[in-house]
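Chemist: Just structure15.pdb, nothing more (PDB, C-alpha atoms, pLDDT in the B column):
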```
ATOM      1  CA  MET A   5     -25.923 -90.243-205.560  1.00 41.00           C
ATOM      2  CA  ASN A   6     -28.903 -92.024-207.052  1.00 56.00           C
ATOM      3  CA  ASP A   7     -32.390 -92.711-205.701  1.00 73.00           C
ATOM      4  CA  ASP A   8     -31.818 -96.357-204.799  1.00 88.00           C
ATOM      5  CA  VAL A   9     -33.297 -97.443-201.485  1.00 95.00           C
ATOM      6  CA  TRP A  10     -30.894 -99.327-199.213  1.00 96.00           C
ATOM      7  CA  VAL A  11     -31.087-100.963-195.776  1.00 97.00           C
ATOM      8  CA  PHE A  12     -28.020-101.479-193.579  1.00 97.00           C
ATOM      9  CA  GLY A  13     -27.935-104.414-191.179  1.00 97.00           C
ATOM     10  CA  TYR A  14     -25.387-105.029-188.428  1.00 97.00           C
ATOM     11  CA  GLY A  15     -27.101-107.862-186.497  1.00 97.00           C
ATOM     12  CA  SER A  16     -29.427-110.615-187.645  1.00 96.00           C
ATOM     13  CA  LEU A  17     -30.059-108.816-190.932  1.00 97.00           C
ATOM     14  CA  ILE A  18     -26.533-109.860-191.919  1.00 97.00           C
ATOM     15  CA  TRP A  19     -27.418-113.555-192.104  1.00 96.00           C
ATOM     16  CA  ARG A  20     -31.222-113.484-192.221  1.00 96.00           C
ATOM     17  CA  PRO A  21     -32.585-110.429-193.980  1.00 96.00           C
ATOM     18  CA  GLY A  22     -36.029-111.997-194.509  1.00 95.00           C
ATOM     19  CA  PHE A  23     -36.768-109.963-197.639  1.00 96.00           C
ATOM     20  CA  GLU A  24     -35.843-109.943-201.304  1.00 94.00           C
ATOM     21  CA  TYR A  25     -33.147-107.539-202.457  1.00 96.00           C
ATOM     22  CA  LEU A  26     -31.371-106.606-205.668  1.00 96.00           C
ATOM     23  CA  GLU A  27     -27.850-106.266-204.334  1.00 94.00           C
ATOM     24  CA  ARG A  28     -25.877-107.037-201.165  1.00 94.00           C
ATOM     25  CA  ARG A  29     -22.709-105.161-200.190  1.00 93.00           C
ATOM     26  CA  VAL A  30     -20.466-105.493-197.159  1.00 94.00           C
ATOM     27  CA  GLY A  31     -19.703-102.068-195.749  1.00 94.00           C
ATOM     28  CA  PHE A  32     -19.262-100.013-192.619  1.00 94.00           C
ATOM     29  CA  ILE A  33     -20.584 -96.932-190.885  1.00 94.00           C
ATOM     30  CA  ASN A  34     -18.417 -94.473-188.974  1.00 94.00           C
ATOM     31  CA  GLY A  35     -18.976 -93.363-185.394  1.00 95.00           C
ATOM     32  CA  TRP A  36     -20.893 -96.426-184.203  1.00 96.00           C
ATOM     33  CA  ALA A  37     -20.055 -99.601-182.261  1.00 97.00           C
ATOM     34  CA  ARG A  38     -22.117-102.801-182.064  1.00 98.00           C
ATOM     35  CA  ARG A  39     -23.097-103.831-178.513  1.00 98.00           C
ATOM     36  CA  PHE A  40     -25.393-106.447-176.960  1.00 98.00           C
ATOM     37  CA  TYR A  41     -27.254-103.773-174.989  1.00 98.00           C
ATOM     38  CA  GLN A  42     -30.815-104.213-176.292  1.00 97.00           C
ATOM     39  CA  GLY A  43     -33.281-106.521-174.590  1.00 97.00           C
ATOM     40  CA  SER A  44     -35.289-108.864-176.787  1.00 95.00           C
ATOM     41  CA  THR A  45     -38.683-109.836-175.417  1.00 94.00           C
ATOM     42  CA  ASP A  46     -40.198-110.750-178.791  1.00 92.00           C
ATOM     43  CA  HIS A  47     -37.499-112.701-180.671  1.00 93.00           C
ATOM     44  CA  ARG A  48     -34.616-114.070-178.555  1.00 96.00           C
ATOM     45  CA  GLY A  49     -36.268-113.849-175.177  1.00 95.00           C
ATOM     46  CA  VAL A  50     -39.632-113.304-173.535  1.00 96.00           C
ATOM     47  CA  PRO A  51     -40.952-110.472-171.348  1.00 94.00           C
ATOM     48  CA  ALA A  52     -40.138-112.307-168.118  1.00 94.00           C
ATOM     49  CA  ALA A  53     -36.648-113.280-169.355  1.00 95.00           C
ATOM     50  CA  PRO A  54     -35.401-110.990-172.102  1.00 96.00           C
ATOM     51  CA  GLY A  55     -32.554-112.016-174.337  1.00 97.00           C
ATOM     52  CA  ARG A  56     -29.843-109.651-175.531  1.00 97.00           C
ATOM     53  CA  VAL A  57     -29.452-108.516-179.120  1.00 97.00           C
ATOM     54  CA  VAL A  58     -27.224-105.920-180.719  1.00 98.00           C
ATOM     55  CA  THR A  59     -27.846-102.259-181.120  1.00 97.00           C
ATOM     56  CA  LEU A  60     -25.389 -99.475-181.828  1.00 97.00           C
ATOM     57  CA  ILE A  61     -23.824 -96.977-179.499  1.00 96.00           C
ATOM     58  CA  ASP A  62     -22.354 -93.678-180.595  1.00 94.00           C
ATOM     59  CA  LEU A  63     -18.544 -93.879-180.445  1.00 94.00           C
ATOM     60  CA  SER A  64     -16.851 -91.321-182.662  1.00 93.00           C
ATOM     61  CA  ASP A  65     -13.620 -93.254-183.235  1.00 94.00           C
ATOM     62  CA  GLU A  66     -15.277 -96.604-184.065  1.00 94.00           C
ATOM     63  CA  GLU A  67     -16.683 -98.158-187.207  1.00 94.00           C
ATOM     64  CA  CYS A  68     -19.302-100.868-187.444  1.00 96.00           C
ATOM     65  CA  TRP A  69     -19.248-103.365-190.289  1.00 96.00           C
ATOM     66  CA  GLY A  70     -22.406-104.909-191.668  1.00 97.00           C
ATOM     67  CA  VAL A  71     -24.315-105.466-194.891  1.00 96.00           C
ATOM     68  CA  ALA A  72     -26.182-103.010-197.098  1.00 96.00           C
ATOM     69  CA  TYR A  73     -29.060-104.316-199.209  1.00 97.00           C
ATOM     70  CA  ARG A  74     -30.394-102.481-202.261  1.00 96.00           C
ATOM     71  CA  LEU A  75     -34.164-102.877-202.365  1.00 96.00           C
ATOM     72  CA  CYS A  76     -36.455-103.238-205.346  1.00 92.00           C
ATOM     73  CA  GLU A  77     -38.228 -99.978-206.133  1.00 89.00           C
ATOM     74  CA  GLN A  78     -41.589-101.753-206.469  1.00 89.00           C
ATOM     75  CA  THR A  79     -41.429-103.550-203.116  1.00 90.00           C
ATOM     76  CA  TYR A  80     -39.355-101.419-200.742  1.00 93.00           C
ATOM     77  CA  HIS A  81     -42.501-100.165-198.939  1.00 93.00           C
ATOM     78  CA  GLU A  82     -43.399-103.783-198.138  1.00 95.00           C
ATOM     79  CA  VAL A  83     -39.849-104.400-196.920  1.00 95.00           C
ATOM     80  CA  PHE A  84     -40.079-101.443-194.533  1.00 95.00           C
ATOM     81  CA  ASP A  85     -43.479-102.643-193.290  1.00 95.00           C
ATOM     82  CA  TYR A  86     -41.856-106.009-192.566  1.00 94.00           C
ATOM     83  CA  LEU A  87     -38.783-104.466-190.905  1.00 95.00           C
ATOM     84  CA  ASP A  88     -40.845-101.991-188.860  1.00 93.00           C
ATOM     85  CA  GLU A  89     -42.701-105.004-187.453  1.00 91.00           C
ATOM     86  CA  ARG A  90     -39.550-107.092-186.962  1.00 92.00           C
ATOM     87  CA  GLU A  91     -37.664-104.274-185.235  1.00 92.00           C
ATOM     88  CA  GLN A  92     -40.576-103.015-183.138  1.00 87.00           C
ATOM     89  CA  GLY A  93     -39.076-103.815-179.721  1.00 86.00           C
ATOM     90  CA  GLY A  94     -37.460-100.405-179.263  1.00 90.00           C
ATOM     91  CA  PHE A  95     -35.734 -99.820-182.588  1.00 94.00           C
ATOM     92  CA  ASP A  96     -36.138 -96.627-184.614  1.00 93.00           C
ATOM     93  CA  ARG A  97     -35.257 -96.188-188.289  1.00 95.00           C
ATOM     94  CA  PHE A  98     -33.091 -93.440-189.702  1.00 92.00           C
ATOM     95  CA  GLU A  99     -30.610 -92.811-192.514  1.00 95.00           C
ATOM     96  CA  VAL A 100     -26.863 -93.313-192.386  1.00 94.00           C
ATOM     97  CA  ASP A 101     -23.916 -93.158-194.790  1.00 93.00           C
ATOM     98  CA  VAL A 102     -22.505 -96.602-195.529  1.00 94.00           C
ATOM     99  CA  HIS A 103     -19.011 -96.993-196.947  1.00 93.00           C
ATOM    100  CA  ALA A 104     -19.195-100.011-199.249  1.00 84.00           C
ATOM    101  CA  GLY A 105     -16.747-101.157-201.868  1.00 69.00           C
ATOM    102  CA  VAL A 106     -13.430 -99.820-203.033  1.00 61.00           C
ATOM    103  CA  GLY A 107     -13.598 -96.898-205.405  1.00 57.00           C
ATOM    104  CA  ASP A 108     -17.284 -96.088-204.926  1.00 55.00           C
ATOM    105  CA  ALA A 109     -17.926 -92.554-206.129  1.00 48.00           C
ATOM    106  CA  ALA A 110     -20.201 -91.843-203.176  1.00 59.00           C
ATOM    107  CA  ASP A 111     -21.379 -93.416-199.962  1.00 84.00           C
ATOM    108  CA  ILE A 112     -24.601 -95.344-199.921  1.00 91.00           C
ATOM    109  CA  LYS A 113     -27.446 -93.625-198.079  1.00 93.00           C
ATOM    110  CA  ALA A 114     -29.144 -96.429-196.218  1.00 96.00           C
ATOM    111  CA  HIS A 115     -31.849 -96.869-193.616  1.00 97.00           C
ATOM    112  CA  MET A 116     -30.931 -98.685-190.430  1.00 97.00           C
ATOM    113  CA  TYR A 117     -32.611 -99.552-187.162  1.00 97.00           C
ATOM    114  CA  VAL A 118     -31.061 -98.586-183.829  1.00 97.00           C
ATOM    115  CA  ALA A 119     -32.408 -98.973-180.295  1.00 96.00           C
ATOM    116  CA  ASP A 120     -31.247 -96.157-178.065  1.00 92.00           C
ATOM    117  CA  LYS A 121     -31.075 -96.134-174.293  1.00 94.00           C
ATOM    118  CA  HIS A 122     -34.449 -94.398-173.954  1.00 94.00           C
ATOM    119  CA  ASN A 123     -36.591 -97.365-175.043  1.00 95.00           C
ATOM    120  CA  ASP A 124     -38.305 -99.696-172.569  1.00 94.00           C
ATOM    121  CA  ASN A 125     -36.302-102.772-173.628  1.00 95.00           C
ATOM    122  CA  TYR A 126     -32.857-101.197-173.391  1.00 97.00           C
ATOM    123  CA  LEU A 127     -30.642-103.149-170.976  1.00 97.00           C
ATOM    124  CA  GLY A 128     -27.378-101.286-171.410  1.00 96.00           C
ATOM    125  CA  SER A 129     -23.942-102.379-170.373  1.00 96.00           C
ATOM    126  CA  ALA A 130     -23.158-105.186-167.968  1.00 97.00           C
ATOM    127  CA  SER A 131     -20.112-107.334-167.325  1.00 97.00           C
ATOM    128  CA  LEU A 132     -19.270-109.795-170.096  1.00 97.00           C
ATOM    129  CA  GLU A 133     -19.954-112.614-167.652  1.00 97.00           C
ATOM    130  CA  ASN A 134     -23.464-111.343-166.841  1.00 98.00           C
ATOM    131  CA  MET A 135     -24.318-110.655-170.485  1.00 98.00           C
ATOM    132  CA  ALA A 136     -23.030-114.110-171.464  1.00 98.00           C
ATOM    133  CA  LEU A 137     -25.136-115.793-168.764  1.00 97.00           C
ATOM    134  CA  GLN A 138     -28.244-113.917-169.893  1.00 98.00           C
ATOM    135  CA  ILE A 139     -27.607-114.886-173.519  1.00 98.00           C
ATOM    136  CA  TYR A 140     -26.935-118.493-172.500  1.00 98.00           C
ATOM    137  CA  GLN A 141     -30.237-118.726-170.615  1.00 97.00           C
ATOM    138  CA  SER A 142     -32.504-116.866-173.060  1.00 97.00           C
ATOM    139  CA  HIS A 143     -34.792-118.318-175.688  1.00 96.00           C
ATOM    140  CA  GLY A 144     -37.700-116.770-177.565  1.00 95.00           C
ATOM    141  CA  PRO A 145     -40.008-117.243-180.562  1.00 94.00           C
ATOM    142  CA  SER A 146     -37.116-116.753-183.031  1.00 94.00           C
ATOM    143  CA  GLY A 147     -34.862-119.259-181.275  1.00 95.00           C
ATOM    144  CA  SER A 148     -32.139-119.285-178.696  1.00 97.00           C
ATOM    145  CA  ASN A 149     -30.133-116.218-177.863  1.00 98.00           C
ATOM    146  CA  VAL A 150     -26.995-118.376-178.126  1.00 98.00           C
ATOM    147  CA  GLU A 151     -27.837-119.104-181.770  1.00 97.00           C
ATOM    148  CA  TYR A 152     -28.187-115.365-182.454  1.00 97.00           C
ATOM    149  CA  LEU A 153     -24.743-114.645-180.986  1.00 98.00           C
ATOM    150  CA  MET A 154     -23.080-117.585-182.761  1.00 98.00           C
ATOM    151  CA  ARG A 155     -24.619-116.752-186.145  1.00 98.00           C
ATOM    152  CA  LEU A 156     -23.524-113.135-185.790  1.00 98.00           C
ATOM    153  CA  ALA A 157     -19.961-114.113-184.841  1.00 98.00           C
ATOM    154  CA  GLU A 158     -19.788-116.603-187.721  1.00 98.00           C
ATOM    155  CA  SER A 159     -21.105-114.019-190.193  1.00 98.00           C
ATOM    156  CA  LEU A 160     -18.580-111.410-189.049  1.00 98.00           C
ATOM    157  CA  ARG A 161     -15.747-113.898-189.491  1.00 98.00           C
ATOM    158  CA  GLN A 162     -16.962-114.705-193.007  1.00 97.00           C
ATOM    159  CA  MET A 163     -16.801-110.964-193.739  1.00 95.00           C
ATOM    160  CA  ASN A 164     -13.267-110.771-192.204  1.00 95.00           C
ATOM    161  CA  VAL A 165     -14.538-108.394-189.536  1.00 95.00           C
ATOM    162  CA  ASP A 166     -12.954-108.376-186.075  1.00 95.00           C
ATOM    163  CA  ASP A 167     -15.496-107.299-183.472  1.00 97.00           C
ATOM    164  CA  GLU A 168     -13.916-107.517-180.029  1.00 97.00           C
ATOM    165  CA  HIS A 169     -17.234-107.175-178.148  1.00 97.00           C
ATOM    166  CA  VAL A 170     -19.015-109.937-180.105  1.00 98.00           C
ATOM    167  CA  PHE A 171     -16.064-112.333-179.999  1.00 98.00           C
ATOM    168  CA  ALA A 172     -15.458-111.798-176.275  1.00 98.00           C
ATOM    169  CA  LEU A 173     -19.121-112.563-175.562  1.00 98.00           C
ATOM    170  CA  GLU A 174     -18.910-115.599-177.825  1.00 98.00           C
ATOM    171  CA  ARG A 175     -15.929-116.950-175.817  1.00 98.00           C
ATOM    172  CA  HIS A 176     -17.808-116.464-172.532  1.00 97.00           C
ATOM    173  CA  VAL A 177     -20.975-118.140-173.843  1.00 98.00           C
ATOM    174  CA  LEU A 178     -19.009-121.057-175.316  1.00 97.00           C
ATOM    175  CA  SER A 179     -17.395-121.647-171.924  1.00 96.00           C
ATOM    176  CA  LEU A 180     -20.895-121.846-170.390  1.00 96.00           C
ATOM    177  CA  VAL A 181     -22.012-124.249-173.125  1.00 94.00           C
ATOM    178  CA  ASN A 182     -18.928-126.429-172.582  1.00 93.00           C
ATOM    179  CA  GLU A 183     -19.495-126.491-168.796  1.00 91.00           C
ATOM    180  CA  SER A 184     -23.050-127.811-169.169  1.00 82.00           C
TER     181      SER A 184
END
```
Write the structure described by the file as structure tokens, please.

Modeler:
Amino acid sequence: MNDDVWVFGYGSLIWRPGFEYLERRVGFINGWARRFYQGSTDHRGVPAAPGRVVTLIDLSDEECWGVAYRLCEQTYHEVFDYLDEREQGGFDRFEVDVHAGVGDAADIKAHMYVADKHNDNYLGSASLENMALQIYQSHGPSGSNVEYLMRLAESLRQMNVDDEHVFALERHVLSLVNES
């Protein structure tokens, strides 16, 4: 294992990292599942009408696919300052092992941001219909919540990742879009 600094993204960081990086690798983490359980009052919603963005829940038999970015040694502190600001709505940073690439001698140790159920913006589970309606109706400073969901679904397909939760929500939201 070397001293490279990596960041793992499983949501908007997949398609919009917002920082410079030296290398990008598709990979996965074990024991986690992506869910639209986190409220967004600062990006895809507002305090009076929060949107829904992804966080991870602990599920031992699951794996979550995303993207690992290797950061430049000279600028990684600036990247973390940026990400700490971007992910401030209830997300905490910690290290995780990312499995990336065939034949890698070792896992990548990467930092990632996760919002657990103890933060003020955590919304938790709801029916797919209710989550889809909330996503359909939400908009914030970073754009519509629908765009967030669609970009994530598109990015996962480009990575050949099948995420049942994301794609089921996408189907429900698209039916709302088509009805309007």

Chemist: I need the residue nearest Tyr152 in chain A from this list: A:Arg29, A:Arg38, A:Lys113, A:His47. Use all atoms listed in the file for the distance.

Modeler: A:His47

Chemist: I need the output of the PyMOL selection byres ((chain A and resi 142-145) around 7) for this file as a PyMOL selection string; which residues are they?

Modeler: chain A and resi 46-50+53-55+138-141+146-149

Chemist: Quick one: residues within 9 Å of Met163 in chain A, only C-alpha atoms counted, chain neighbours fewer than 5 positions away excluded, as a short mmCIF file (atom, residue, chain, number, x, y, z; two decimals) with C-alpha atoms, in the frame of the given file?

Modeler:
```cif
data_model
loop_
_atom_site.label_atom_id
_atom_site.label_comp_id
_atom_site.auth_asym_id
_atom_site.auth_seq_id
_atom_site.Cartn_x
_atom_site.Cartn_y
_atom_site.Cartn_z
CA VAL A 30 -20.47 -105.49 -197.16
CA TRP A 69 -19.25 -103.36 -190.29
CA GLY A 70 -22.41 -104.91 -191.67
CA GLU A 158 -19.79 -116.60 -187.72
#
```

Chemist: Just say which residues the PyMOL selection byres ((chain A and resi 73) around 12) picks in this file, as a ChimeraX atom specification.

Modeler: /A:8-14,17-31,70-72,74-76,80,83,102,104,112-116

Chemist: Show me, as JSON, the centre and edge lengths in Å to one decimal of the axis-aligned box that covers every listed atom of range 157-169 of chain A with 6 Å on each side.

Modeler:
```
{"center_x": -17.0, "center_y": -111.9, "center_z": -185.9, "size_x": 20.2, "size_y": 21.4, "size_z": 27.6}
```

Chemist: When the PyMOL selection byres ((chain A and resi 64) around 8) is applied to the structure above, which residues does it catch, written out as a PyMOL selection string?

Modeler: chain A and resi 34-36+62-63+65-66

Chemist: Quick one, how far is CA of Asp124 in chain A from CA of Ser44 in chain A?

Modeler: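 Computing it gives 10.5 Å between the two atoms.
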
Chemist: How many Å lie between CA of Glu67 in chain A and CA of Val118 in chain A, rounded to one decimal?

Modeler: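 Answer for the CA of Glu67 in chain A to CA of Val118 in chain A separation: 14.8 Å.
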
Chemist: Around the point (-33.6, -93.7, -175.6), in the coordinates given by the file, pick out the residues reaching within 12 Å, counting all atoms listed in the file, and return them as a ChimeraX atom specification.

Modeler: /A:41-42,59-61,94-96,118-128

Chemist: Figure out the distance between CA of His103 in chain A and CA of Glu174 in chain A, please, to one decimal in Å.

Modeler: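 CA of His103 in chain A lies at a distance of 26.7 Å from CA of Glu174 in chain A.
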
Chemist: Name the closest residue to Val58 in chain A among the candidates A:Val100, A:Gln162, A:Thr79, A:Ser129; distances are taken between atoms, counting all atoms listed in the file.

Modeler: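 Among A:Val100, A:Gln162, A:Thr79, A:Ser129, it is A:Ser129 that comes nearest to Val58 in chain A.
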
Chemist: Of the candidates A:Leu87, A:Ala52, A:Ala130, A:Val181, which shows the shortest atom-to-atom distance to Val150 in chain A, using only C-alpha atoms?

Modeler: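 Of all the options, A:Val181 lies closest to Val150 in chain A.
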